[in-house]
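One structure is given below, encoded as structure tokens.
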Amino acid sequence: MKRRRWYFDGWIGAVGTASGTRLVLGHWPRSPFGAFSDVMVEHPDGERRLLAPTRHIAGFVAQTYTFDRVEVVPVDVRRDGARWHVEAGPLALDLVTGPRTALGWLLRTVPAPLARSHTWAAVCDVPARLLPGVRTLGSAGPGRREWYGARDQHRVLSASACLGGADLGGLAPVDPPVTFGFGSAPRDPSVVRITSTVETSEEPGATGKPG
């Protein structure tokens, strides 16, 4: 069967909180589904939740990563320079990013076509493995594989989040690593410009059972 590649270009923001809850925001201005955002939540007890804006998107993401709960809710992301405001169903999240990191300046030199390359992701995976839980390519569910090409990075300077009316506490490292897929976000909270490539043998979003 002919395999297909689906490209998602945008930003991934990952933060830990003092409560132990870790949050991963995906903000995708360009994707096979059009522009959308979603949020992955991992609670201190290990429960993993997906907050996604449509059943179609929820189905595709749930086939690519692992969750204990999938919720279809409105997801709205507003960005004003260094400030990000996210509303996703029961979650409200505010981030403030700092200047581009040294790694971010280096990643800015990576051309977009190279960022889509599986070979480039394999090369980057070697140094990435020096960081706890970080990978740039791996299995993404039955019959799927995924790889990342980072193109920029900004450190998160501050964050506040409220989930279901409960304050999650101040900014903290993404520790322990999140376990939605084959790799975690970096331990230091950051927002990364990224191209994610998911290779499948079927149309995206074909199945999924959001609750």
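Ligands are numbered from 1 in the order shown, residues from 1 within each chain, and chains are lettered A, B, ... in the order they appear in the structure tokens.
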Please tabulate, as JSON lines, the residues of stretch 78-147 of chain A that come within 12 Å of stretch 41-45 of chain A, each with its closest pair of atoms and the distance in Å to one decimal, counting only C-alpha atoms and ordering rows by chain, then residue number upward.
{"residue": "A:Ala88", "atom": "CA", "partner": "A:Val41", "partner_atom": "CA", "distance": 10.9}
{"residue": "A:Pro90", "atom": "CA", "partner": "A:Val41", "partner_atom": "CA", "distance": 11.2}
{"residue": "A:Leu91", "atom": "CA", "partner": "A:Val41", "partner_atom": "CA", "distance": 9.5}
{"residue": "A:Leu93", "atom": "CA", "partner": "A:Val41", "partner_atom": "CA", "distance": 11.6}
Report the residues of stretch 31-158 of chain A whose backbone DSSP state falls under strand (DSSP E or B), written as a VMD selection string. chain A and resid 36 to 42 48 to 52 69 to 72 75 to 80 83 to 88 91 to 100 137 to 139 145 to 158
Any idea what's packed within 7 Å of A:Leu50, counting only C-alpha atoms, ignoring anything in its chain fewer than 6 positions away? Could you give it as a tab-separated table (two decimals) with N, CA and C atoms, in the first residue's frame?
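Heads up, here's the output in result_10.tsv:
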chain	number	residue	atom	x	y	z
A	39	VAL	N	-4.34	20.81	22.66
A	39	VAL	CA	-3.55	20.78	23.88
A	39	VAL	C	-3.54	19.36	24.43
A	40	MET	N	-2.36	18.90	24.81
A	40	MET	CA	-2.19	17.63	25.49
A	40	MET	C	-1.88	17.92	26.96
A	41	VAL	N	-2.56	17.24	27.85
A	41	VAL	CA	-2.42	17.45	29.29
A	41	VAL	C	-2.02	16.14	29.95
A	67	PHE	N	-3.67	8.53	24.67
A	67	PHE	CA	-4.41	9.30	25.66
A	67	PHE	C	-5.34	8.38	26.44
A	69	ARG	N	-8.04	10.05	27.92
A	69	ARG	CA	-9.29	10.77	27.66
A	69	ARG	C	-9.11	11.68	26.46
A	70	VAL	N	-10.11	11.71	25.60
A	70	VAL	CA	-10.11	12.60	24.43
A	70	VAL	C	-11.36	13.46	24.50
A	71	GLU	N	-11.18	14.77	24.49
A	71	GLU	CA	-12.30	15.69	24.62
A	71	GLU	C	-12.33	16.65	23.43
If you count only C-alpha atoms, the residue of A:Arg30, A:Arg193, A:Arg151, A:Arg3 closest to A:Ala112 turns out to be A:Arg151
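Remark: for A:Glu146, the closest of the candidate residues A:Asp175, A:Glu199, A:Asp167, A:Asp94 is A:Glu199 (distances computed over only C-alpha atoms).
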Mind the document's chain letters and residue numbers, and return as a PyMOL selection string the residues of chain A that DSSP labels helix (DSSP H, G or I). chain A and resi 55-64+102-107+112-115+118-128
